[in-house]
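Shown next: data06.csv, given as CSV, C-alpha atoms.
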chain,number,residue,atom,x,y,z
A,12,MET,CA,0.0,0.0,0.0
A,13,THR,CA,1.2,3.5,-0.9
A,14,PRO,CA,2.2,5.4,2.3
A,15,PHE,CA,-0.4,8.0,3.3
A,16,ASN,CA,0.9,11.5,2.7
A,17,GLY,CA,-1.4,13.2,5.2
A,18,LEU,CA,-3.3,15.3,2.7
A,19,GLY,CA,-7.0,15.4,1.8
A,20,MET,CA,-8.0,15.0,5.5
A,21,HIS,CA,-11.5,14.0,6.5
A,22,LEU,CA,-13.2,11.9,9.2
A,23,GLY,CA,-12.7,8.8,7.1
A,24,ASN,CA,-8.9,8.9,7.0
A,25,LEU,CA,-8.3,10.6,10.3
A,26,ALA,CA,-7.0,7.4,11.9
A,27,ARG,CA,-4.4,6.7,9.2
A,28,LEU,CA,-0.8,7.0,10.2
A,29,SER,CA,1.5,9.1,8.1
A,30,ARG,CA,5.1,10.3,7.9
A,31,ALA,CA,3.9,13.8,7.2
A,32,ARG,CA,5.3,16.4,9.7
A,33,THR,CA,3.1,19.1,11.2
A,34,ARG,CA,4.6,22.5,11.6
A,35,SER,CA,3.1,25.9,12.6
A,36,ILE,CA,4.2,29.5,12.1
A,37,SER,CA,3.2,32.3,14.5
A,38,PRO,CA,4.8,35.3,16.1
A,39,GLU,CA,6.1,32.8,18.7
A,40,ASN,CA,7.8,30.8,16.0
A,41,PHE,CA,8.4,32.9,12.8
A,42,THR,CA,10.0,30.0,10.9
A,43,GLY,CA,7.9,27.1,12.2
A,44,GLU,CA,11.0,25.1,13.0
A,45,LYS,CA,10.8,22.0,15.3
A,46,GLY,CA,11.4,22.9,18.9
A,47,LYS,CA,11.8,26.6,18.2
A,48,GLY,CA,8.4,27.9,19.6
A,49,GLY,CA,8.0,30.1,22.6
A,50,MET,CA,11.7,31.3,22.6
A,51,ALA,CA,11.1,35.0,22.1
A,52,THR,CA,12.8,37.5,24.3
A,53,ASP,CA,11.0,40.5,22.9
A,54,GLY,CA,7.6,41.2,21.4
A,55,THR,CA,4.2,42.7,21.9
A,56,GLY,CA,3.7,40.8,25.2
A,57,ALA,CA,7.1,41.5,26.7
A,58,ALA,CA,5.9,44.1,29.2
A,59,CYS,CA,3.1,41.8,30.3
A,60,ALA,CA,5.5,38.9,30.8
A,61,ARG,CA,8.2,41.0,32.6
A,62,ASP,CA,7.8,39.1,35.8
A,63,LEU,CA,7.7,35.7,34.2
A,64,GLY,CA,10.3,35.6,31.5
A,65,VAL,CA,10.9,33.5,28.3
A,66,GLY,CA,8.1,31.1,27.3
A,67,TRP,CA,5.3,33.2,28.9
A,68,LYS,CA,3.6,34.8,25.9
A,69,ILE,CA,6.2,37.3,25.0
A,70,SER,CA,5.5,37.5,21.3
A,71,PRO,CA,1.8,36.7,20.6
A,72,SER,CA,1.3,39.2,17.7
A,73,ILE,CA,3.1,41.7,15.4
A,74,ARG,CA,2.5,45.3,14.6
A,75,ILE,CA,2.6,46.5,10.9
A,76,ALA,CA,3.2,50.1,10.2
A,77,PRO,CA,1.3,52.1,7.6
A,78,GLY,CA,2.5,51.2,4.1
A,79,GLU,CA,4.6,48.2,5.5
A,80,THR,CA,4.6,44.7,4.1
A,81,ARG,CA,5.5,41.9,6.6
A,82,THR,CA,6.4,38.4,5.6
A,83,LEU,CA,4.3,36.1,7.7
A,84,ALA,CA,5.7,32.9,6.4
A,85,ASP,CA,8.6,31.9,4.1
A,86,VAL,CA,8.8,28.1,3.8
A,87,ARG,CA,11.0,25.8,1.7
A,88,GLY,CA,10.2,22.2,0.7
A,89,SER,CA,7.0,20.4,-0.3
A,90,GLY,CA,3.7,20.2,1.6
A,91,ALA,CA,0.5,22.0,2.1
A,92,ILE,CA,-1.1,24.7,4.3
A,93,GLN,CA,-3.9,23.1,6.2
A,94,HIS,CA,-5.2,25.9,8.4
A,95,ILE,CA,-4.9,29.7,8.7
A,96,TRP,CA,-6.1,31.6,11.8
A,97,MET,CA,-5.8,35.3,12.3
A,98,THR,CA,-7.4,38.3,13.9
A,99,LEU,CA,-6.4,41.9,13.1
A,100,THR,CA,-7.1,45.4,14.1
A,101,GLY,CA,-8.1,48.3,11.8
A,102,HIS,CA,-10.1,48.3,8.6
A,103,TRP,CA,-10.3,44.8,7.2
A,104,ARG,CA,-10.1,45.9,3.6
A,105,HIS,CA,-6.9,47.8,4.3
A,106,SER,CA,-5.0,44.6,5.2
A,107,ILE,CA,-3.9,42.9,2.0
A,108,LEU,CA,-3.1,39.2,2.2
A,109,ARG,CA,-0.9,37.7,-0.5
A,110,ILE,CA,0.4,34.1,-1.1
A,111,TYR,CA,3.1,33.1,-3.5
A,112,TRP,CA,3.7,29.5,-4.5
A,113,ASP,CA,7.0,27.8,-5.6
A,114,ASN,CA,9.1,31.0,-6.0
A,115,GLN,CA,6.6,32.8,-8.2
A,116,GLU,CA,6.9,36.6,-8.4
A,117,THR,CA,3.2,36.9,-9.1
A,118,PRO,CA,0.9,36.2,-6.1
A,119,SER,CA,-1.7,33.4,-6.5
A,120,VAL,CA,-3.7,34.9,-3.6
A,121,GLU,CA,-4.2,38.7,-3.4
A,122,CYS,CA,-7.2,39.9,-1.3
A,123,PRO,CA,-8.2,42.1,1.5
A,124,ALA,CA,-8.2,40.0,4.7
A,125,GLY,CA,-11.8,40.5,5.6
A,126,ASP,CA,-13.1,39.6,2.1
A,127,PHE,CA,-10.8,36.5,2.0
A,128,PHE,CA,-12.5,35.2,5.1
A,129,ALA,CA,-16.0,36.1,3.7
A,130,CYS,CA,-16.4,39.3,5.9
A,131,GLY,CA,-16.3,42.1,3.3
A,132,TRP,CA,-18.2,44.8,5.2
A,133,GLY,CA,-15.8,45.3,8.0
A,134,GLN,CA,-18.2,43.9,10.6
A,135,TYR,CA,-18.4,40.6,12.3
A,136,ALA,CA,-20.7,37.9,10.8
A,137,GLN,CA,-20.8,34.3,12.1
A,138,ILE,CA,-19.7,31.9,9.4
A,139,SER,CA,-19.8,28.1,9.9
A,140,SER,CA,-18.7,26.4,6.8
A,141,LEU,CA,-16.3,23.7,5.8
A,142,ALA,CA,-13.8,26.0,4.1
A,143,VAL,CA,-14.1,29.2,6.2
A,144,CYS,CA,-15.2,29.8,9.8
A,145,VAL,CA,-15.5,33.3,11.4
A,146,ASN,CA,-16.0,33.1,15.1
A,147,PRO,CA,-16.4,35.7,17.9
A,148,GLY,CA,-15.1,38.3,18.2
A,149,SER,CA,-13.1,38.6,14.9
A,150,ALA,CA,-11.5,35.2,14.5
A,151,PHE,CA,-10.8,34.4,10.9
A,152,ASN,CA,-10.2,30.7,10.0
A,153,CYS,CA,-9.4,29.1,6.6
A,154,TYR,CA,-9.4,25.4,5.9
A,155,TRP,CA,-8.8,25.4,2.2
A,156,GLU,CA,-5.9,22.9,1.6
A,157,MET,CA,-3.1,24.7,-0.2
A,158,PRO,CA,-0.4,22.4,-1.6
A,159,TYR,CA,3.0,23.5,-2.8
A,160,ARG,CA,6.1,21.8,-4.1
A,161,SER,CA,9.2,23.9,-3.5
A,162,GLY,CA,7.8,26.3,-0.9
A,163,PHE,CA,5.5,29.3,-0.2
A,164,ARG,CA,5.6,32.9,1.0
A,165,MET,CA,2.7,34.7,2.7
A,166,THR,CA,2.7,38.4,3.3
A,167,MET,CA,0.4,41.0,4.9
A,168,THR,CA,0.4,44.7,3.7
A,169,ASN,CA,-1.1,47.5,5.7
A,170,ILE,CA,-2.4,50.1,3.3
A,171,ALA,CA,-4.1,52.1,6.1
A,172,ALA,CA,-2.9,55.3,7.6
A,173,GLN,CA,-2.8,53.7,11.1
A,174,GLU,CA,-0.6,50.9,12.5
A,175,MET,CA,-2.3,47.5,12.7
A,176,THR,CA,-1.8,44.6,15.1
A,177,LEU,CA,-2.0,41.1,13.7
A,178,TYR,CA,-2.3,37.8,15.6
A,179,TYR,CA,-1.9,34.7,13.3
A,180,GLN,CA,-1.1,31.0,13.1
A,181,ILE,CA,-0.3,29.2,9.9
A,182,THR,CA,-0.4,25.4,10.2
A,183,PHE,CA,1.1,23.3,7.4
A,184,THR,CA,2.4,19.8,6.8
A,185,GLU,CA,5.7,18.8,5.3
A,186,THR,CA,5.0,15.9,2.9
A,187,ASP,CA,5.2,14.6,-0.6
A,188,VAL,CA,2.7,16.3,-3.0
A,189,PRO,CA,1.3,14.2,-5.9
A,190,ASP,CA,1.6,15.5,-9.5
A,191,ASP,CA,-2.2,15.9,-9.9
A,192,LEU,CA,-2.6,18.5,-7.1
A,193,ALA,CA,-3.1,22.1,-8.3
A,194,TYR,CA,-2.4,25.4,-6.6
A,195,PHE,CA,-4.9,27.4,-4.6
A,196,HIS,CA,-5.8,30.9,-5.9
A,197,ALA,CA,-8.0,33.7,-4.6
A,198,GLN,CA,-8.7,37.0,-6.4
A,199,PHE,CA,-10.6,40.1,-5.1
A,200,ARG,CA,-12.5,42.6,-7.3
A,201,ARG,CA,-14.8,45.5,-6.5
A,202,VAL,CA,-16.9,47.9,-8.7
A,203,ASN,CA,-18.7,50.8,-7.1
A,204,PRO,CA,-21.1,51.6,-8.6
A,205,LEU,CA,-21.5,49.0,-11.4
A,206,PRO,CA,-22.1,50.9,-14.7
A,207,TYR,CA,-25.6,50.8,-16.0
A,208,LYS,CA,-26.4,47.6,-18.1
A,209,GLN,CA,-22.9,46.1,-17.5
A,210,VAL,CA,-22.4,42.7,-16.0
A,211,TYR,CA,-20.1,42.2,-13.0
A,212,THR,CA,-17.0,40.2,-13.6
A,213,ILE,CA,-16.1,37.8,-10.8
A,214,LEU,CA,-13.1,36.3,-12.5
A,215,ASP,CA,-11.3,36.6,-15.9
A,216,GLY,CA,-7.9,36.0,-17.4
A,217,VAL,CA,-7.4,32.5,-16.0
A,218,ARG,CA,-5.1,30.4,-18.1
A,219,GLY,CA,-4.3,26.8,-17.3
A,220,GLN,CA,-6.1,23.6,-16.1
A,221,GLY,CA,-8.0,23.6,-12.8
A,222,GLN,CA,-11.3,23.8,-11.0
A,223,TYR,CA,-13.3,26.7,-9.6
A,224,VAL,CA,-14.2,26.1,-6.0
A,225,GLY,CA,-15.9,29.1,-4.4
A,226,THR,CA,-17.4,32.6,-4.5
A,227,TYR,CA,-17.8,35.2,-1.8
A,228,MET,CA,-19.7,38.4,-2.6
A,229,ALA,CA,-20.3,41.6,-0.6
A,230,TRP,CA,-23.2,43.2,-2.3
A,231,GLY,CA,-24.5,46.7,-1.4
A,232,VAL,CA,-27.8,47.6,-2.9
A,233,ASN,CA,-28.4,51.2,-4.3
A,234,ASN,CA,-32.1,50.7,-5.1
A,235,ASN,CA,-35.3,49.8,-3.3
A,236,GLY,CA,-36.8,46.4,-3.8
A,237,TRP,CA,-35.3,43.0,-4.7
A,238,TRP,CA,-31.9,43.0,-6.2
A,239,GLY,CA,-31.0,39.4,-7.0
A,240,GLU,CA,-32.6,38.4,-10.3
A,241,GLY,CA,-29.2,38.3,-12.1
A,242,GLU,CA,-27.7,35.1,-13.5
A,243,ILE,CA,-24.2,33.8,-12.8
A,244,LYS,CA,-22.4,32.5,-15.9
A,245,PHE,CA,-19.3,30.3,-16.3
A,246,TYR,CA,-17.5,30.6,-19.6
A,247,ILE,CA,-15.3,27.5,-19.9
A,248,ASP,CA,-12.5,26.7,-22.3
A,249,GLY,CA,-13.1,29.1,-25.1
A,250,ASP,CA,-16.8,30.0,-24.6
A,251,ASP,CA,-17.3,33.4,-26.2
A,252,GLU,CA,-20.8,35.0,-26.3
A,253,TYR,CA,-22.6,32.2,-24.4
A,254,PRO,CA,-21.5,30.3,-21.4
A,255,THR,CA,-21.5,26.6,-20.7
A,256,ILE,CA,-23.1,27.1,-17.2
A,257,CYS,CA,-25.8,29.6,-16.6
A,258,GLY,CA,-27.6,30.1,-13.3
A,259,THR,CA,-31.2,31.1,-12.7
A,260,GLY,CA,-30.8,33.9,-10.2
A,261,THR,CA,-28.4,35.3,-7.6
A,262,GLU,CA,-30.0,33.8,-4.5
A,263,ASP,CA,-30.4,30.5,-6.4
A,264,TYR,CA,-26.7,30.3,-7.0
A,265,PHE,CA,-26.0,30.9,-3.3
A,266,CYS,CA,-28.4,28.0,-2.6
A,267,GLY,CA,-31.3,30.0,-1.4
A,268,SER,CA,-34.7,30.8,-3.0
A,269,TYR,CA,-37.3,33.4,-3.4
A,270,ASN,CA,-35.3,36.5,-2.3
A,271,PHE,CA,-33.9,34.8,0.9
A,272,ASP,CA,-37.3,36.1,2.2
A,273,VAL,CA,-39.2,34.1,4.9
A,274,GLY,CA,-42.0,36.7,5.1
A,275,LYS,CA,-42.5,40.0,6.8
A,276,ASP,CA,-44.0,38.4,9.9
A,277,GLN,CA,-40.7,36.5,10.3
A,278,GLY,CA,-38.3,39.3,9.6
A,279,GLY,CA,-38.0,39.2,5.8
A,280,TYR,CA,-34.4,38.4,4.8
A,281,ARG,CA,-33.1,35.4,6.8
A,282,GLU,CA,-29.4,34.9,7.4
A,283,PHE,CA,-28.1,31.3,7.2
A,284,THR,CA,-24.7,29.6,7.3
A,285,THR,CA,-24.1,26.0,6.2
A,286,PRO,CA,-21.1,23.9,5.2
A,287,TYR,CA,-21.4,24.8,1.5
A,288,SER,CA,-23.3,28.1,1.3
A,289,GLY,CA,-24.7,30.9,3.2
A,290,LEU,CA,-26.2,34.4,3.4
A,291,ALA,CA,-24.1,35.1,6.5
A,292,GLN,CA,-24.7,38.8,6.7
A,293,VAL,CA,-27.6,41.2,6.2
A,294,ILE,CA,-26.9,44.8,7.3
A,295,ARG,CA,-30.3,46.5,7.5
A,296,PRO,CA,-30.9,50.2,7.1
A,297,ASP,CA,-31.8,51.9,10.4
A,298,GLY,CA,-33.8,54.6,8.7
A,299,LEU,CA,-31.4,57.4,9.6
A,300,TYR,CA,-27.8,57.0,8.3
A,301,ARG,CA,-27.8,53.6,6.7
A,302,SER,CA,-29.7,54.2,3.5
A,303,GLN,CA,-28.8,50.9,1.8
A,304,MET,CA,-28.9,47.2,2.5
A,305,ARG,CA,-25.7,45.2,2.4
A,306,PHE,CA,-25.3,41.5,2.0
A,307,GLY,CA,-22.5,39.0,2.5
A,308,MET,CA,-22.9,35.6,0.7
A,309,TYR,CA,-20.7,32.6,0.1
A,310,ARG,CA,-20.9,29.5,-2.1
A,311,TRP,CA,-18.3,26.7,-1.9
A,312,HIS,CA,-18.0,24.2,-4.8
A,313,ILE,CA,-16.5,21.5,-2.6
A,314,THR,CA,-18.5,18.6,-3.9
A,315,ASP,CA,-19.3,20.2,-7.3
A,316,PRO,CA,-16.1,21.9,-8.5
A,317,ILE,CA,-16.4,23.6,-11.9
A,318,ARG,CA,-13.5,22.1,-14.0
A,319,PHE,CA,-11.7,23.8,-16.9
A,320,GLU,CA,-8.9,22.6,-19.2
A,321,ARG,CA,-7.6,25.9,-20.6
A,322,ASP,CA,-9.4,29.0,-19.4
A,323,LEU,CA,-12.3,30.3,-17.3
A,324,ARG,CA,-14.3,33.5,-17.0
A,325,VAL,CA,-17.1,34.1,-14.4
A,326,THR,CA,-19.7,36.9,-14.5
A,327,ILE,CA,-22.9,37.8,-12.7
A,328,GLN,CA,-25.7,40.2,-13.6
A,329,ALA,CA,-27.1,42.8,-11.2
A,330,LEU,CA,-30.9,42.8,-11.8
A,331,GLY,CA,-33.8,44.2,-9.9
A,332,TRP,CA,-37.4,45.2,-10.9
A,333,ARG,CA,-38.8,48.3,-12.5
A,334,SER,CA,-42.4,49.3,-13.5
A,335,GLY,CA,-44.4,47.1,-15.8
A,336,GLY,CA,-42.8,43.9,-14.5
A,337,ARG,CA,-39.5,44.6,-16.3
A,338,TYR,CA,-36.0,43.9,-15.2
A,339,LEU,CA,-33.9,46.9,-13.9
A,340,PRO,CA,-30.2,46.7,-14.5
A,341,LEU,CA,-28.7,47.8,-11.2
A,342,GLN,CA,-25.8,50.1,-10.3
A,343,ASP,CA,-24.8,48.5,-7.1
A,344,ASP,CA,-21.6,48.4,-4.9
A,345,ILE,CA,-20.3,44.8,-5.6
A,346,ALA,CA,-17.2,43.1,-4.4
A,347,SER,CA,-16.2,39.5,-4.7
A,348,VAL,CA,-13.6,36.9,-4.1
A,349,ALA,CA,-13.1,34.0,-6.5
A,350,TYR,CA,-11.4,30.8,-5.2
A,351,TRP,CA,-10.0,28.2,-7.5
A,352,TYR,CA,-7.2,25.7,-8.0
A,353,GLN,CA,-5.0,25.7,-11.2
A,354,THR,CA,-1.7,24.8,-12.6
A,355,LEU,CA,1.1,27.4,-12.6
A,356,PRO,CA,2.1,29.9,-13.7
A,357,THR,CA,-0.4,32.4,-12.3
A,358,ALA,CA,-1.5,35.1,-14.7
A,359,PRO,CA,-1.1,38.6,-13.2
A,360,PHE,CA,-4.2,39.9,-11.5
A,361,PRO,CA,-5.9,43.2,-12.2
A,362,PRO,CA,-4.3,46.0,-10.1
A,363,LEU,CA,-5.8,46.1,-6.6
A,364,PRO,CA,-7.8,49.4,-6.0
A,365,ASP,CA,-6.2,51.9,-3.7
A,366,ALA,CA,-7.2,52.4,-0.1
A,367,ASP,CA,-9.8,55.1,-0.8
A,368,TYR,CA,-11.6,52.9,-3.4
A,369,LEU,CA,-11.5,49.9,-1.1
A,370,GLU,CA,-12.9,51.7,1.9
A,371,VAL,CA,-16.3,50.8,3.1
A,372,ILE,CA,-18.3,53.8,4.3

Hey, can you dump this file as structure tokens for me?
Amino acid sequence: MTPFNGLGMHLGNLARLSRARTRSISPENFTGEKGKGGMATDGTGAACARDLGVGWKISPSIRIAPGETRTLADVRGSGAIQHIWMTLTGHWRHSILRIYWDNQETPSVECPAGDFFACGWGQYAQISSLAVCVNPGSAFNCYWEMPYRSGFRMTMTNIAAQEMTLYYQITFTETDVPDDLAYFHAQFRRVNPLPYKQVYTILDGVRGQGQYVGTYMAWGVNNNGWWGEGEIKFYIDGDDEYPTICGTGTEDYFCGSYNFDVGKDQGGYREFTTPYSGLAQVIRPDGLYRSQMRFGMYRWHITDPIRFERDLRVTIQALGWRSGGRYLPLQDDIASVAYWYQTLPTAPFPPLPDADYLEVI
């Protein structure tokens, strides 16, 4: 029997023995080396531990200055990231997470931290899914398995005008990686407002073989009434004008139905969070300063990945209703994160918007 490499973990193989080696990087062990944790003599907790000394939570976090990029992890060898936990101060869209695989100069993950963990509005929302969990008070957890062959580098950039504090733990396994495992990718986009009669692009420019595995959207509505009649479309391997996969409505794609509405007597929109999909956040107007409704939704294609051989483009329409029972093309504030696996190299992403454009007000 082929030795178990410790990847693809689930309840069914949890009892299997493996030669894979578990390592974890945090501010208490910046390299993740064996037997090197808790050795810090200076850090953000040094003053608190002044009566206790080394080993007593001297370096639980880091501080990142405005405009600074900090390397959170720089690992050599083959293996896979299996869990990321972090919590951070400041504006969640002003903390930019990037991951580079196998010495690439182009990041395969480039995303504001809040949106990467399916919290795009800068406010806490409980998320209980297989791929991402967000827990009180601002605990971001990611369980996407992320294999690499010669190493990875993870950075965080603070584009805010204030210093930020970051607590984090990156748990990975050192092991052999089969030839048929692709590389994890995540790309952020935002358009505010969406131009009239234009579709919103979730993902474009992908080149290579792989599978699309998830979508997060932070959708701010600029009109009254229902906003989710638009269809999501997947253009696969050379599709031009018409896609191979066409959805039936926005809430349908996110595994809901009929406007996510359970009736006025039960509160109207109903949040939900499940292993594969959720409407995790509904920010309701208070009638004074919040004039718009805001929604946070996720859909993970864990059991139904959308596979492509050469290229992929993903779009979604923004449609509401106007008089006479006609569709109204909306001009909403829409942001998204696309998650997928593919072969390298990674094509360069569109330039990330600046801090002012990213800011949620």

Neighbour residues at most 8 Å from (-2.9, 40.1, -4.8) (only C-alpha atoms) as a list in words: Ile107, Leu108, Arg109, Ile110, Pro118, Ser119, Val120, Glu121, Cys122, Gln198, Phe199, Phe360 and Leu363 of chain A

For region 125-179 of chain A versus region 219-230 of chain A, which residues have an atom no more than 7 Å away, and what is each residue's nearest atom pair and distance in Å rounded to one decimal, using only C-alpha atoms, chain-then-number order, as a Markdown table?
| residue | atom | partner | partner_atom | distance |
| --- | --- | --- | --- | --- |
| A:Ala129 | CA | A:Tyr227 | CA | 5.9 |
| A:Gly131 | CA | A:Ala229 | CA | 5.6 |
| A:Trp132 | CA | A:Ala229 | CA | 6.9 |

Pairwise distance for CA of Asn234 (chain A) and CA of Pro296 (chain A), rounded to one decimal in Å: 12.3 Å

One-decimal distance in Å that lies between CA of Leu141 (chain A) and CA of Thr285 (chain A):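 A separation of 8.1 Å between them.
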
Who sits within 12 Å of Asp53 (chain A), only C-alpha atoms, same chain under 3 positions skipped, as a list of chain:residue names: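 Once the nearby chain positions are removed, what remains is A:Pro38, A:Glu39, A:Gly49, A:Met50, A:Gly56, A:Ala57, A:Ala58, A:Cys59, A:Ala60, A:Arg61, A:Gly64, A:Val65, A:Gly66, A:Trp67, A:Lys68, A:Ile69, A:Ser70, A:Pro71, A:Ser72, A:Ile73.
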
Using all atoms listed in the file: which of A:Ala142, A:Val232, A:Met167, A:Leu22 has the shortest distance to Ile313 (chain A):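 Looking only at the distances to Ile313 (chain A), the closest residue turns out to be A:Ala142.
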
Two-atom distance - CA of Met308 (chain A), CA of Ile138 (chain A) (Å):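 Between CA of Met308 (chain A) and CA of Ile138 (chain A) the gap works out to 10.0 Å.
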
Do you know which residues are at most 7 Å from Leu99 (chain A) counting all atoms listed in the file, after dropping those on the same chain fewer than 6 positions away, and could you put them as a PDB file with C-alpha atoms, keeping the file's coordinate frame?
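Below you can see part.pdb, which holds the result:
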ATOM      1  CA  MET A 175      -2.300  47.500  12.700  1.00  0.00           C
ATOM      2  CA  THR A 176      -1.800  44.600  15.100  1.00  0.00           C
ATOM      3  CA  LEU A 177      -2.000  41.100  13.700  1.00  0.00           C
ATOM      4  CA  TYR A 178      -2.300  37.800  15.600  1.00  0.00           C
TER       5      TYR A 178
END

Pick from A:Gln93, A:Thr100, A:Thr186, A:Thr261 nearest to Met157 (chain A), counting all atoms listed in the file: A:Gln93

Report as a PDB file with C-alpha atoms, keeping the file's coordinate frame all protein, DNA and RNA residues lying within 12 Å of Glu370 (chain A), evaluated on only C-alpha atoms, omitting residues in the same chain fewer than 3 positions from it.
ATOM      1  CA  GLY A 101      -8.100  48.300  11.800  1.00  0.00           C
ATOM      2  CA  HIS A 102     -10.100  48.300   8.600  1.00  0.00           C
ATOM      3  CA  TRP A 103     -10.300  44.800   7.200  1.00  0.00           C
ATOM      4  CA  ARG A 104     -10.100  45.900   3.600  1.00  0.00           C
ATOM      5  CA  HIS A 105      -6.900  47.800   4.300  1.00  0.00           C
ATOM      6  CA  SER A 106      -5.000  44.600   5.200  1.00  0.00           C
ATOM      7  CA  PRO A 123      -8.200  42.100   1.500  1.00  0.00           C
ATOM      8  CA  GLY A 125     -11.800  40.500   5.600  1.00  0.00           C
ATOM      9  CA  GLY A 131     -16.300  42.100   3.300  1.00  0.00           C
ATOM     10  CA  TRP A 132     -18.200  44.800   5.200  1.00  0.00           C
ATOM     11  CA  GLY A 133     -15.800  45.300   8.000  1.00  0.00           C
ATOM     12  CA  ILE A 170      -2.400  50.100   3.300  1.00  0.00           C
ATOM     13  CA  ALA A 171      -4.100  52.100   6.100  1.00  0.00           C
ATOM     14  CA  ARG A 201     -14.800  45.500  -6.500  1.00  0.00           C
ATOM     15  CA  VAL A 202     -16.900  47.900  -8.700  1.00  0.00           C
ATOM     16  CA  ASN A 203     -18.700  50.800  -7.100  1.00  0.00           C
ATOM     17  CA  ASP A 344     -21.600  48.400  -4.900  1.00  0.00           C
ATOM     18  CA  ALA A 346     -17.200  43.100  -4.400  1.00  0.00           C
ATOM     19  CA  PRO A 364      -7.800  49.400  -6.000  1.00  0.00           C
ATOM     20  CA  ASP A 365      -6.200  51.900  -3.700  1.00  0.00           C
ATOM     21  CA  ALA A 366      -7.200  52.400  -0.100  1.00  0.00           C
ATOM     22  CA  ASP A 367      -9.800  55.100  -0.800  1.00  0.00           C
TER      23      ASP A 367
END

Residue nearest Ala136 (chain A) - candidates A:Ile36, A:Ile256, A:Ala150, A:Ile345, atoms counted: all atoms listed in the file: A:Ala150

Residue nearest Val217 (chain A) - candidates A:Gly231, A:Gly249, A:Gly78, A:Pro340, atoms counted: all atoms listed in the file: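 Smallest separation from Val217 (chain A) among the options: A:Gly249.
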
Show which residues sit within 10 Å of Gly148 (chain A), as a compact mmCIF listing (two decimals) with C-alpha atoms, in the coordinates of the input. Count all atoms listed in the file, and ignore same-chain residues fewer than 5 positions away.
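The file below, part17.txt, is the result:
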# COMPACT_ATOMS: atom_id res chain seq x y z
CA THR A 98 -7.40 38.30 13.90
CA GLN A 134 -18.20 43.90 10.60
CA TYR A 135 -18.40 40.60 12.30
CA ALA A 136 -20.70 37.90 10.80
CA GLN A 137 -20.80 34.30 12.10
